[in-house]
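Novice: Provided below: coords-v5.cif, containing mmCIF, C-alpha atoms.
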```cif
data_entry
#
loop_
_atom_site.label_atom_id
_atom_site.label_comp_id
_atom_site.auth_asym_id
_atom_site.auth_seq_id
_atom_site.Cartn_x
_atom_site.Cartn_y
_atom_site.Cartn_z
CA MET A 1 23.76 -19.22 35.50
CA ILE A 2 21.52 -17.54 38.07
CA GLU A 3 22.64 -16.60 41.57
CA GLY A 4 20.62 -15.15 44.41
CA SER A 5 19.65 -15.13 48.08
CA LEU A 6 16.89 -17.20 49.69
CA VAL A 7 16.00 -14.08 51.65
CA ASP A 8 14.98 -12.40 48.39
CA VAL A 9 13.59 -15.46 46.57
CA GLY A 10 12.10 -18.39 48.48
CA LEU A 11 12.99 -21.93 47.39
CA PRO A 12 9.38 -22.99 46.57
CA GLY A 13 8.92 -19.99 44.27
CA LEU A 14 12.29 -20.55 42.65
CA LEU A 15 11.53 -24.20 41.89
CA GLN A 16 8.11 -23.37 40.49
CA PHE A 17 9.59 -20.64 38.30
CA LEU A 18 12.20 -22.99 36.86
CA ALA A 19 9.54 -25.64 36.26
CA THR A 20 7.62 -23.32 33.95
CA GLU A 21 10.52 -23.43 31.47
CA SER A 22 9.25 -26.41 29.51
CA GLY A 23 11.79 -28.75 27.95
CA LYS A 24 14.68 -27.46 30.08
CA SER A 25 16.69 -28.99 32.93
CA TYR A 26 18.42 -27.28 35.86
CA LYS A 27 20.71 -28.02 38.79
CA VAL A 28 20.10 -25.93 41.91
CA ARG A 29 22.89 -25.72 44.49
CA LEU A 30 21.96 -24.38 47.93
CA LEU A 31 24.44 -22.96 50.47
CA ASN A 32 23.66 -22.04 54.08
CA GLY A 33 26.82 -21.64 56.15
CA ASN A 34 28.58 -25.00 56.07
CA ASN A 35 25.44 -26.78 54.83
CA ARG A 36 25.09 -27.79 51.18
CA GLY A 37 22.13 -29.11 49.23
CA GLU A 38 21.44 -30.12 45.63
CA LEU A 39 18.28 -30.29 43.56
CA PHE A 40 17.74 -31.36 39.94
CA LEU A 41 14.72 -30.34 37.85
CA SER A 42 13.94 -31.80 34.45
CA GLU A 43 11.03 -30.76 32.22
CA GLY A 44 8.94 -29.38 35.06
CA GLU A 45 9.63 -32.21 37.55
CA LEU A 46 11.89 -32.31 40.60
CA ILE A 47 13.72 -35.61 40.14
CA TYR A 48 16.57 -35.45 42.67
CA ALA A 49 17.20 -33.92 46.11
CA ALA A 50 20.18 -34.41 48.41
CA PHE A 51 21.23 -32.84 51.73
CA GLY A 52 24.04 -34.55 53.58
CA ILE A 53 23.03 -38.17 54.10
CA LEU A 54 19.38 -37.38 53.33
CA GLU A 55 17.90 -37.96 49.88
CA GLY A 56 14.61 -37.58 48.09
CA ASP A 57 11.62 -36.30 50.09
CA ASP A 58 13.58 -36.25 53.36
CA ALA A 59 16.21 -33.95 51.86
CA LEU A 60 13.60 -31.73 50.20
CA ILE A 61 11.69 -31.21 53.47
CA GLU A 62 14.86 -29.98 55.19
CA LEU A 63 15.84 -27.70 52.32
CA LEU A 64 12.39 -26.14 52.12
CA ALA A 65 12.78 -24.99 55.74
CA TRP A 66 15.76 -22.79 54.86
CA ARG A 67 15.00 -19.08 55.13
CA GLU A 68 18.57 -17.87 54.67
CA GLY A 69 21.46 -18.78 52.42
CA GLY A 70 22.15 -18.56 48.75
CA PHE A 71 21.41 -20.47 45.56
CA ILE A 72 23.13 -21.05 42.24
CA VAL A 73 21.10 -22.26 39.25
CA GLU A 74 22.89 -23.96 36.36
CA LYS A 75 21.22 -24.94 33.09
CA LEU A 76 22.00 -28.54 32.11
CA SER A 77 22.30 -30.35 28.81
CA SER A 78 19.98 -33.20 27.90
CA ARG A 79 22.70 -35.75 28.81
CA PHE A 80 22.84 -34.80 32.50
CA ARG A 81 20.58 -37.76 33.40
CA GLU A 82 23.52 -40.08 32.72
CA THR A 83 25.32 -38.60 35.72
CA ILE A 84 22.62 -39.02 38.41
CA THR A 85 20.09 -41.58 39.56
CA PRO A 86 16.66 -39.96 40.21
CA ASN A 87 15.43 -40.46 43.79
CA MET A 88 12.04 -38.77 43.48
CA LYS A 89 9.46 -37.58 40.97
CA LEU A 90 7.59 -34.45 42.01
CA PRO A 91 5.69 -32.35 39.41
CA MET A 92 6.44 -28.70 40.09
CA ARG A 93 4.97 -27.12 37.02
CA LEU A 94 1.66 -25.34 37.38
CA THR A 95 -0.73 -26.54 34.70
CA ASN A 96 -2.67 -23.87 32.82
CA SER A 97 -0.35 -21.20 34.12
CA PHE A 98 0.09 -17.76 32.59
CA ALA A 99 3.22 -18.98 30.80
CA ASP A 100 1.40 -22.04 29.41
CA GLN A 101 -1.52 -19.95 28.22
CA MET A 102 0.73 -17.41 26.49
CA ALA A 103 2.69 -20.23 24.82
CA PHE A 104 -0.55 -21.80 23.55
CA LEU A 105 -1.85 -18.48 22.20
CA THR A 106 1.48 -17.79 20.51
CA GLU A 107 1.28 -21.15 18.76
CA GLN A 108 -2.22 -20.22 17.56
CA GLY A 109 -1.00 -16.85 16.25
CA MET A 110 -3.17 -15.00 18.79
CA GLY A 111 -2.44 -12.29 21.32
CA LEU A 112 -4.00 -9.57 23.43
CA ASN A 113 -3.90 -7.22 20.44
CA THR A 114 -5.67 -9.65 18.11
CA GLU A 115 -9.23 -8.68 17.21
CA VAL A 116 -11.59 -11.62 17.67
CA VAL A 117 -15.22 -12.37 16.78
CA THR A 118 -17.56 -15.16 17.75
CA SER A 119 -16.63 -18.38 15.97
CA SER A 120 -18.94 -20.13 13.52
CA ARG A 121 -18.66 -23.17 15.85
CA PHE A 122 -20.19 -21.25 18.76
CA GLY A 123 -23.38 -22.87 20.05
CA THR A 124 -23.00 -26.07 18.00
CA ALA A 125 -23.17 -29.56 19.48
CA GLU A 126 -19.42 -29.89 19.02
CA TRP A 127 -18.83 -26.65 20.93
CA GLN A 128 -21.09 -27.77 23.78
CA SER A 129 -19.24 -31.08 24.11
CA ILE A 130 -15.93 -29.19 24.38
CA LEU A 131 -17.47 -26.91 27.02
CA ALA A 132 -18.19 -29.93 29.21
CA LYS A 133 -14.42 -30.47 29.51
CA GLN A 134 -13.34 -26.81 29.52
CA PRO A 135 -16.13 -24.62 30.95
CA LEU A 136 -16.22 -20.90 30.28
CA THR A 137 -16.32 -18.40 33.13
CA LYS A 138 -18.28 -15.23 33.75
CA ASP A 139 -15.41 -13.20 32.29
CA ASP A 140 -15.52 -15.23 29.07
CA PHE A 141 -19.24 -14.76 28.48
CA VAL A 142 -18.93 -11.04 29.20
CA VAL A 143 -16.21 -10.79 26.53
CA LEU A 144 -18.27 -12.86 24.05
CA GLY A 145 -21.27 -10.55 24.32
CA TRP A 146 -19.11 -7.42 24.07
CA ALA A 147 -16.80 -8.41 21.21
CA LYS A 148 -19.46 -9.47 18.71
CA GLU A 149 -18.21 -7.15 15.95
CA GLY A 150 -14.53 -7.69 16.54
CA ARG A 151 -12.53 -6.39 19.49
CA SER A 152 -9.26 -7.25 21.17
CA MET A 153 -8.53 -8.37 24.72
CA ARG A 154 -6.43 -5.25 25.09
CA GLU A 155 -9.64 -3.24 24.68
CA ALA A 156 -11.38 -5.60 27.13
CA MET A 157 -8.68 -4.83 29.71
CA ARG A 158 -9.64 -1.15 29.55
CA GLU A 159 -13.39 -1.79 29.37
CA PHE A 160 -13.67 -4.32 32.21
CA GLN A 161 -10.57 -3.47 34.26
CA PHE A 162 -8.93 -6.84 33.52
CA ASP A 163 -5.22 -7.21 34.17
CA ALA A 164 -2.98 -8.97 31.64
CA VAL A 165 -3.13 -12.33 33.45
CA ARG A 166 -6.93 -12.28 33.64
CA ALA A 167 -7.29 -11.21 30.00
CA THR A 168 -4.85 -13.89 28.84
CA ALA A 169 -6.70 -16.61 30.78
CA SER A 170 -10.02 -15.56 29.24
CA LEU A 171 -8.63 -15.47 25.69
CA TYR A 172 -6.98 -18.86 26.28
CA ARG A 173 -10.32 -20.45 27.24
CA LEU A 174 -12.21 -18.79 24.38
CA VAL A 175 -9.66 -19.95 21.80
CA LEU A 176 -9.29 -23.43 23.34
CA THR A 177 -13.06 -24.03 23.19
CA GLY A 178 -13.38 -22.62 19.68
CA SER A 179 -15.67 -19.83 20.92
CA VAL A 180 -13.81 -17.09 19.06
CA GLU A 181 -11.64 -16.72 16.00
CA PRO A 182 -9.50 -13.83 14.73
CA CYS A 183 -11.08 -11.15 12.55
CA GLN A 184 -8.05 -11.45 10.31
CA LYS A 185 -8.72 -15.09 9.36
CA PHE A 186 -8.95 -14.11 5.72
CA ALA A 187 -5.84 -11.95 6.06
CA GLU A 188 -4.02 -15.06 7.26
CA SER A 189 -4.80 -16.81 4.00
CA LEU A 190 -3.14 -13.87 2.25
CA GLY A 191 -0.01 -14.16 4.37
CA LEU A 192 -0.67 -11.23 6.74
CA GLY A 193 -0.76 -13.34 9.92
CA THR A 194 -2.18 -12.65 13.40
CA ALA A 195 0.81 -12.98 15.70
CA ILE A 196 0.96 -11.29 19.09
CA GLY A 197 1.18 -7.57 18.54
CA ALA A 198 -0.41 -7.87 15.10
CA LYS A 199 -2.26 -4.85 13.85
CA THR A 200 -6.02 -4.67 13.99
CA SER A 201 -8.12 -5.08 10.87
CA GLU A 202 -8.39 -1.31 10.40
CA GLU A 203 -4.59 -0.95 10.51
CA LEU A 204 -3.75 -3.75 8.09
CA PRO A 205 -2.67 -2.58 4.64
CA LEU A 206 -4.69 -3.59 1.62
CA PRO A 207 -3.07 -6.79 0.30
CA ILE A 208 -1.57 -6.57 -3.19
CA VAL A 209 -3.09 -9.28 -5.33
CA ASP A 210 -2.46 -9.99 -8.97
CA GLU A 211 -5.51 -8.96 -11.01
CA ALA A 212 -5.46 -12.28 -12.86
CA VAL A 213 -6.21 -14.20 -9.68
CA SER A 214 -7.92 -11.57 -7.52
CA ASN A 215 -11.38 -12.99 -8.17
CA THR A 216 -10.40 -16.34 -6.69
CA THR A 217 -9.22 -15.15 -3.27
CA ASP A 218 -10.97 -16.27 -0.09
CA PHE A 219 -11.61 -12.62 0.73
CA ASP A 220 -13.57 -12.03 -2.46
CA ALA A 221 -15.49 -15.25 -1.98
CA ASP A 222 -16.43 -14.19 1.53
CA GLN A 223 -17.54 -10.77 0.35
CA LYS A 224 -19.77 -12.38 -2.28
CA GLN A 225 -21.24 -14.75 0.31
CA ALA A 226 -21.89 -11.88 2.71
CA SER A 227 -23.60 -9.84 -0.03
CA LYS A 228 -25.74 -12.81 -0.97
CA HIS A 229 -26.76 -13.40 2.64
CA LYS A 230 -27.58 -9.72 3.08
CA GLN A 231 -29.68 -9.67 -0.10
CA GLU A 232 -31.60 -12.79 0.98
CA LEU A 233 -32.37 -11.23 4.35
CA GLU A 234 -33.50 -7.95 2.80
CA ASN A 235 -35.69 -9.81 0.31
CA LYS A 236 -37.33 -11.72 3.14
CA ILE A 237 -38.05 -8.59 5.16
CA LEU A 238 -38.99 -6.26 2.31
CA SER A 239 -40.89 -8.65 0.04
CA ALA A 240 -44.12 -6.94 -1.00
CA ASN A 241 -47.38 -8.64 -1.82
CA PRO A 242 -48.77 -7.16 -5.05
CA GLU A 243 -52.29 -7.93 -3.88
CA GLY A 244 -51.77 -6.00 -0.65
CA THR A 245 -53.21 -8.66 1.71
CA ALA A 246 -52.27 -8.53 5.39
CA ALA A 247 -49.20 -10.50 6.45
CA GLN A 248 -49.50 -13.06 9.23
CA THR A 249 -46.32 -15.13 8.93
CA PHE A 250 -42.56 -14.61 9.05
CA ASP A 251 -42.08 -15.72 5.46
CA SER A 252 -44.39 -13.12 3.89
CA LEU A 253 -44.64 -9.58 5.20
CA PRO A 254 -46.40 -7.58 2.48
CA ALA A 255 -47.56 -4.88 4.88
CA LEU A 256 -43.97 -4.07 5.88
CA THR A 257 -42.58 -1.62 3.35
CA ALA A 258 -39.04 -0.55 2.73
CA GLN A 259 -39.90 2.81 4.25
CA ASP A 260 -41.01 1.10 7.50
CA VAL A 261 -37.78 -0.79 7.89
CA GLU A 262 -35.55 2.10 6.85
CA ALA A 263 -37.30 4.38 9.34
CA HIS A 264 -36.59 1.87 12.10
CA LYS A 265 -32.98 1.45 10.99
CA LYS A 266 -32.39 5.21 11.09
CA LYS A 267 -33.62 5.40 14.67
CA THR A 268 -31.50 2.46 15.83
CA ALA A 269 -28.43 2.96 13.65
CA VAL A 270 -25.06 3.27 15.36
CA ALA A 271 -22.63 5.74 13.87
CA VAL A 272 -19.68 3.96 12.28
CA GLU A 273 -16.44 5.75 11.59
CA PRO A 274 -15.79 5.67 7.83
CA LYS A 275 -12.92 3.46 6.71
CA PRO A 276 -9.99 5.08 4.94
CA ALA A 277 -9.82 4.53 1.20
CA GLY A 278 -8.39 1.12 0.46
CA GLY A 279 -8.89 0.00 4.07
CA PHE A 280 -9.20 -3.66 4.98
CA ASP A 281 -12.33 -4.49 6.98
CA ILE A 282 -13.71 -8.01 7.30
CA ARG A 283 -15.68 -7.72 10.51
CA ARG A 284 -18.78 -9.83 10.95
CA THR A 285 -22.11 -8.08 11.01
CA ASP A 286 -24.32 -10.97 12.12
CA PRO A 287 -26.02 -10.34 15.50
CA LEU A 288 -24.64 -12.32 18.44
CA PRO A 289 -26.99 -14.96 19.95
CA LEU A 290 -27.26 -13.23 23.33
CA VAL A 291 -30.13 -15.38 24.65
CA ALA A 292 -28.31 -18.61 23.81
CA ILE A 293 -25.15 -17.29 25.48
CA ASP A 294 -27.03 -16.41 28.69
CA ILE A 295 -28.70 -19.82 28.78
CA GLU A 296 -25.41 -21.67 28.26
CA ARG A 297 -23.75 -19.55 30.91
CA LEU A 298 -26.60 -20.29 33.35
CA PHE A 299 -26.16 -24.03 32.82
CA GLN A 300 -22.42 -23.88 33.55
CA VAL A 301 -22.69 -21.76 36.72
CA SER A 302 -22.67 -23.20 40.23
CA LEU A 303 -24.91 -21.21 42.56
CA PRO A 304 -22.99 -20.41 45.79
CA LEU A 305 -24.55 -21.48 49.08
CA ALA A 306 -25.47 -18.48 51.24
CA PRO A 307 -24.80 -18.51 55.02
CA PHE A 308 -28.53 -19.01 55.57
CA GLY A 309 -28.39 -21.99 53.21
CA GLN A 310 -25.61 -23.55 55.28
CA ILE A 311 -27.81 -23.25 58.36
CA ALA A 312 -30.84 -24.62 56.48
CA LEU A 313 -28.95 -27.81 55.57
CA ASN A 314 -28.78 -28.66 59.28
CA ASN A 315 -32.53 -28.21 59.68
CA ASP A 316 -34.19 -31.64 59.89
CA ALA A 317 -37.52 -30.11 58.91
CA LEU A 318 -36.18 -28.93 55.52
CA ASP A 319 -37.63 -30.71 52.49
CA ASN A 320 -35.36 -33.58 51.45
CA ASP A 321 -35.39 -32.65 47.76
CA LEU A 322 -34.41 -29.07 48.57
CA LYS A 323 -31.70 -30.29 50.93
CA SER A 324 -30.33 -32.61 48.23
CA ILE A 325 -30.16 -29.78 45.67
CA LEU A 326 -28.46 -27.43 48.14
CA SER A 327 -25.94 -30.15 48.97
CA ASP A 328 -25.09 -30.54 45.27
CA PHE A 329 -24.41 -26.82 44.95
CA ARG A 330 -22.26 -26.96 48.09
CA GLU A 331 -20.10 -29.46 46.18
CA LYS A 332 -19.66 -26.86 43.38
CA LYS A 333 -21.74 -28.79 40.83
CA SER A 334 -23.04 -26.82 37.84
CA LEU A 335 -26.73 -26.09 37.47
CA ILE A 336 -27.11 -28.41 34.48
CA GLU A 337 -25.46 -31.25 36.44
CA VAL A 338 -27.87 -30.68 39.32
CA ALA A 339 -30.92 -30.34 37.07
CA THR A 340 -30.24 -33.47 35.00
CA ALA A 341 -29.25 -35.77 37.85
CA LYS A 342 -31.00 -39.15 37.82
CA GLY A 343 -34.48 -39.07 39.30
CA ARG A 344 -34.95 -35.32 39.03
CA TYR A 345 -37.19 -33.23 36.79
CA PRO A 346 -35.26 -30.25 35.31
CA GLY A 347 -38.25 -27.92 35.63
CA GLN A 348 -38.69 -28.69 39.33
CA VAL A 349 -34.97 -28.16 39.98
CA LEU A 350 -35.01 -24.78 38.22
CA TYR A 351 -38.09 -23.75 40.18
CA THR A 352 -36.36 -24.84 43.42
CA CYS A 353 -33.29 -22.81 42.46
CA LYS A 354 -35.43 -19.70 42.00
CA PHE A 355 -37.18 -20.37 45.32
CA SER A 356 -33.82 -20.79 47.05
CA LEU A 357 -32.53 -17.53 45.57
CA GLU A 358 -35.61 -15.69 46.80
CA ARG A 359 -35.40 -17.25 50.29
CA GLY A 360 -31.68 -16.53 50.60
CA TYR A 361 -30.52 -20.16 50.58
CA LEU A 362 -28.44 -19.51 47.44
CA GLU A 363 -26.63 -16.43 46.20
CA PRO A 364 -26.83 -15.42 42.51
CA PRO A 365 -23.41 -14.75 40.93
CA ASP A 366 -25.04 -11.76 39.20
CA ALA A 367 -28.42 -10.39 38.17
CA VAL A 368 -28.28 -11.97 34.70
CA VAL A 369 -28.35 -15.51 36.15
CA SER A 370 -31.55 -14.81 38.07
CA LEU A 371 -33.09 -13.07 35.05
CA THR A 372 -32.28 -16.02 32.76
CA ILE A 373 -33.95 -18.43 35.21
CA ASP A 374 -37.07 -16.24 35.11
CA LEU A 375 -36.96 -16.30 31.31
CA LEU A 376 -36.85 -20.11 31.15
CA LEU A 377 -39.62 -20.43 33.75
CA GLY A 378 -41.80 -17.98 31.81
CA ARG A 379 -41.86 -15.47 34.66
CA VAL A 380 -40.32 -12.83 32.38
CA GLU A 381 -41.41 -12.33 28.79
CA LEU A 382 -38.81 -12.05 26.07
CA ASP A 383 -39.40 -8.33 25.44
CA GLN A 384 -38.84 -7.47 29.11
CA TYR A 385 -35.77 -9.67 29.22
CA LEU A 386 -34.32 -7.86 26.17
CA LEU A 387 -35.02 -4.50 27.80
CA GLN A 388 -33.24 -5.50 31.01
CA ARG A 389 -30.33 -6.93 29.02
CA ARG A 390 -30.15 -3.58 27.16
CA ARG A 391 -30.51 -5.25 23.80
CA MET A 392 -33.04 -2.59 22.90
CA THR A 393 -34.50 0.60 24.37
CA GLY A 394 -38.03 1.31 25.54
CA GLU A 395 -38.54 3.56 22.54
CA GLU A 396 -37.51 0.78 20.15
CA LEU A 397 -39.88 -1.65 21.87
CA ARG A 398 -42.79 0.78 21.60
CA GLU A 399 -42.07 1.34 17.92
CA LEU A 400 -41.87 -2.39 17.16
CA THR A 401 -45.00 -3.08 19.23
CA GLU A 402 -46.90 -0.47 17.23
CA MET A 403 -45.55 -1.87 13.96
CA SER A 404 -46.62 -5.35 15.07
CA ARG A 405 -50.15 -4.13 15.83
CA GLN A 406 -50.53 -2.18 12.59
CA LYS A 407 -49.05 -4.75 10.24
CA GLY A 408 -50.35 -7.93 11.84
CA VAL A 409 -46.88 -9.40 12.45
CA ARG A 410 -45.90 -11.14 15.65
CA LEU A 411 -43.58 -9.04 17.81
CA ILE A 412 -41.13 -11.89 18.26
CA GLU A 413 -40.77 -12.18 14.48
CA LEU A 414 -39.85 -8.51 14.29
CA PHE A 415 -37.19 -9.10 16.95
CA VAL A 416 -35.59 -11.66 14.63
CA GLN A 417 -35.94 -9.60 11.45
CA THR A 418 -34.42 -6.46 12.96
CA GLY A 419 -31.48 -8.39 14.43
CA ILE A 420 -32.35 -7.83 18.09
CA ILE A 421 -32.20 -11.62 18.52
CA THR A 422 -31.20 -14.40 16.15
CA GLN A 423 -33.28 -17.32 14.97
CA SER A 424 -30.91 -19.58 16.91
CA ASP A 425 -31.79 -17.56 20.05
CA LEU A 426 -35.45 -18.26 19.48
CA ASP A 427 -34.93 -21.95 18.76
CA ARG A 428 -32.76 -22.40 21.85
CA LEU A 429 -35.21 -20.57 24.09
CA ASN A 430 -38.17 -22.64 22.89
CA ALA A 431 -36.23 -25.90 23.31
CA GLU A 432 -35.06 -25.07 26.85
CA ARG A 433 -38.47 -23.79 27.93
CA GLU A 434 -39.88 -27.14 26.82
CA ARG A 435 -37.20 -29.05 28.72
CA PHE A 436 -37.79 -27.05 31.91
CA ALA A 437 -41.58 -26.96 31.64
CA PRO A 438 -43.48 -28.25 34.74
CA ARG A 439 -44.23 -31.98 34.68
#
```
Re-express the file's structure as structure tokens.
Specialist:
Amino acid sequence: MIEGSLVDVGLPGLLQFLATESGKSYKVRLLNGNNRGELFLSEGELIYAAFGILEGDDALIELLAWREGGFIVEKLSSRFRETITPNMKLPMRLTNSFADQMAFLTEQGMGLNTEVVTSSRFGTAEWQSILAKQPLTKDDFVVLGWAKEGRSMREAMREFQFDAVRATASLYRLVLTGSVEPCQKFAESLGLGTAIGAKTSEELPLPIVDEAVSNTTDFDADQKQASKHKQELENKILSANPEGTAAQTFDSLPALTAQDVEAHKKKTAVAVEPKPAGGFDIRRTDPLPLVAIDIERLFQVSLPLAPFGQIALNNDALDNDLKSILSDFREKKSLIEVATAKGRYPGQVLYTCKFSLERGYLEPPDAVVSLTIDLLLGRVELDQYLLQRRRMTGEELRELTEMSRQKGVRLIELFVQTGIITQSDLDRLNAERERFAPR
């Protein structure tokens, strides 16, 4: 039983709080002098209200006006419905609330302490179809780009000044869309789990496995696969032509020696704290598709209408196509919805968006959105984009440019080989540049 004063806790807040307790039913008695009222909630819905001779909505309206008095909350058994006849049906439960999101994450064995990495489903057609129903926000894409090697939302809270509610909401969306998965996915198969408060991969003890079956574990299989992938990549980059002819393609780079690549790696290497003996580390080392992430984020964003854009919509002399596009953004439509509307050419819409940003009709959510538009329109070359996105330094670009000139290898191919971008980045960029090319 819960008792309190309506001066301390308002009735609307009380009802909404009780509604978050899924699967439970409550009776709320209200007292204000000689006045008495009753409310019944069942599984997040207000199903009965009574105040004197008033019932249903009429009674609720009167009770909501009370600013003084007391309340008594009593938890009911599942058989209470046999004692009353419902006179209303009002959903009180907030969907997608903090409580809902935490409950969902708990069911998935995830929490704010769980280290996550980008999922293997990220960027696939299946993932994109899910995103149409559950879009990701700016927070989510920021976390995706930052947590590529495995980090927890608790670390994100410190890094980006998120509070617990904001961090939980972001993790909920990332897990729901299949954008991330726990670093400890192989530990789960060994019975270590990833519940809320679980230790990070560095803190997990080395699992004890019988030697007779140790070679058949998922962890060993993954290690073998990772080693094979690494060896294939190194063979592709370091393959030498015995005849010494100049390389011109991605598949054969005879002029690139092991010394060339190792020299570049030493300059760009990031110091990694050594793992303790017997430590358990299964972090991914594949580079994150940053370009593909920025493009997907651009498509999902709705460009806010600036005050000047509001005024421009009332200008009869404004171009009708421009006015139509601005009107769509005023209705909070995403850029991809606006660009692919019937009768429009995507390239012209993207150009109009850039024009509107420059004229002050629209406001960019951040600098990355405007930069990504320039990248798709060909106004910014990939190397300059990567510099501005801090994917590489000016010194690294100069070194790779010189290597490209000396060895006869395209610069963009070196970006892929050195892990600055992924092949999927390049494929996505080429495909979207073709889609948004002028017609």
Novice: Write out as a PyMOL selection string which residues come within 9 Å of Val368 (chain A) when counting only C-alpha atoms, dropping same-chain ones fewer than 6 positions away.
Specialist: chain A and resi 294+298+388-389
Novice: For CA of Pro86 (chain A) and CA of Ile2 (chain A), determine how far apart the two atoms are, in Å to one decimal place.
Specialist: 23.0 Å
Novice: With a cut-off of 7 Å, could you pull out the residues of region 334-377 of chain A touching region 303-326 of chain A and give me the nearest pair of atoms for each, distance in Å to one decimal, using only C-alpha atoms, ordered by chain and ascending number, as JSON lines?
Specialist:
```
{"residue": "A:Val338", "atom": "CA", "partner": "A:Ile325", "partner_atom": "CA", "distance": 6.8}
{"residue": "A:Thr352", "atom": "CA", "partner": "A:Leu322", "partner_atom": "CA", "distance": 6.9}
{"residue": "A:Gly360", "atom": "CA", "partner": "A:Phe308", "partner_atom": "CA", "distance": 6.4}
{"residue": "A:Tyr361", "atom": "CA", "partner": "A:Gly309", "partner_atom": "CA", "distance": 3.8}
{"residue": "A:Leu362", "atom": "CA", "partner": "A:Leu305", "partner_atom": "CA", "distance": 4.7}
{"residue": "A:Glu363", "atom": "CA", "partner": "A:Pro304", "partner_atom": "CA", "distance": 5.4}
{"residue": "A:Pro364", "atom": "CA", "partner": "A:Leu303", "partner_atom": "CA", "distance": 6.1}
{"residue": "A:Pro365", "atom": "CA", "partner": "A:Leu303", "partner_atom": "CA", "distance": 6.8}
```
Novice: Please, what distance in Å, to one decimal, runs between CA of Met1 (chain A) and CA of Asp57 (chain A)?
Specialist: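 Taking CA of Met1 (chain A) and CA of Asp57 (chain A), their separation equals 25.5 Å.
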Novice: Can you work out the spacing between CA of Ala437 (chain A) and CA of Leu377 (chain A) in Å, to one decimal?
Specialist: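 Separating CA of Ala437 (chain A) from CA of Leu377 (chain A) is a distance of 7.1 Å.
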Novice: Please list as a PyMOL selection string every residue within 12 Å of region 80-84 of chain A, counting all atoms listed in the file and excluding residues in the same chain fewer than 2 positions away.
Specialist: chain A and resi 24-27+38-43+47-50+74-78+86-88
Novice: For this structure, which residues satisfy the selection - the PyMOL selection byres ((chain A and resi 14) around 12) - when it is evaluated on the file as given? I want them as a PyMOL selection string.
Specialist: chain A and resi 2-13+15-21+26-30+39+41+46+64+70-73+92-93
Novice: For the file shown, what are the residues hit by the PyMOL selection byres ((chain A and resi 119) around 7), laid out as a CSV table (one decimal) with C-alpha atoms, keeping the file's coordinate frame?
Specialist:
```csv
chain,number,residue,atom,x,y,z
A,117,VAL,CA,-15.2,-12.4,16.8
A,118,THR,CA,-17.6,-15.2,17.8
A,120,SER,CA,-18.9,-20.1,13.5
A,121,ARG,CA,-18.7,-23.2,15.8
A,122,PHE,CA,-20.2,-21.2,18.8
A,178,GLY,CA,-13.4,-22.6,19.7
A,179,SER,CA,-15.7,-19.8,20.9
A,180,VAL,CA,-13.8,-17.1,19.1
A,181,GLU,CA,-11.6,-16.7,16.0
```
Novice: Can you list, as a PyMOL selection string, every protein, DNA or RNA residue that comes within 8 Å of Gln348 (chain A) when you count only C-alpha atoms, leaving out same-chain residues fewer than 6 positions away?
Specialist: chain A and resi 436+438-439
Novice: I'd like to know which of A:Ile373, A:Ala167, A:Leu400, A:Leu429 is closest to Pro289 (chain A), using all atoms listed in the file.
Specialist: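 The closest residue to Pro289 (chain A) is A:Leu429.
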Novice: Might you pull out every residue within 12 Å of Arg398 (chain A), with only C-alpha atoms counted and same-chain residues fewer than 3 positions away left off, and present them as a PyMOL selection string?
Specialist: chain A and resi 264+383-384+387+392-395+401-405+411
Novice: Assuming the chain letters and numbering stay as they are in my file, what does the PyMOL selection byres ((chain A and resi 143) around 10) actually select? List them as a list in words.
Specialist: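 Those residues are Val117, Thr118, Lys138, Asp139, Asp140, Phe141, Val142, Leu144, Gly145, Trp146, Ala147, Lys148, Arg151, Ser152, Met153, Ala156, Glu159, Phe160, Ala167, Ser170, Leu171 and Leu174 of chain A.
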Novice: For each of A:Asn35, A:Glu331, A:Glu68, A:Val291, take the minimum atom-to-atom distance to Ile53 (chain A), counting all atoms listed in the file, then give the residue where this is smallest.
Specialist: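 Closest to Ile53 (chain A), using all atoms listed in the file: A:Asn35.
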Novice: Might you pull out every residue within 10 Å of Phe415 (chain A), with all atoms listed in the file counted and same-chain residues fewer than 5 positions away left off, and present them as JSON, numbers by chain?
Specialist: {"A": [382, 383, 386, 392, 397, 400, 410, 420, 421, 422, 423, 426]}
Novice: Calculate, to one decimal in Å, the centre and edge lengths of the box along x, y and z of the file that holds all listed atoms of region 289-305 of chain A with 6 Å of margin on each side, and present them as JSON.
Specialist:
```
{"center_x": -26.3, "center_y": -18.6, "center_z": 34.5, "size_x": 19.7, "size_y": 22.8, "size_z": 41.1}
```
Novice: Please complete region 20-24 of chain A so it has N, CA and C atoms, and hand it over as a short mmCIF file (atom, residue, chain, number, x, y, z; two decimals), in the coordinates of the input.
Specialist:
```
data_model
loop_
_atom_site.label_atom_id
_atom_site.label_comp_id
_atom_site.auth_asym_id
_atom_site.auth_seq_id
_atom_site.Cartn_x
_atom_site.Cartn_y
_atom_site.Cartn_z
N THR A 20 8.44 -23.83 35.05
CA THR A 20 7.62 -23.32 33.95
C THR A 20 8.38 -23.30 32.63
N GLU A 21 9.71 -23.42 32.69
CA GLU A 21 10.52 -23.43 31.47
C GLU A 21 10.47 -24.83 30.86
N SER A 22 9.48 -25.07 30.04
CA SER A 22 9.25 -26.41 29.51
C SER A 22 10.42 -26.87 28.63
N GLY A 23 10.75 -28.16 28.77
CA GLY A 23 11.79 -28.75 27.95
C GLY A 23 13.21 -28.45 28.42
N LYS A 24 13.35 -27.81 29.58
CA LYS A 24 14.68 -27.46 30.08
C LYS A 24 14.97 -28.16 31.40
#
```
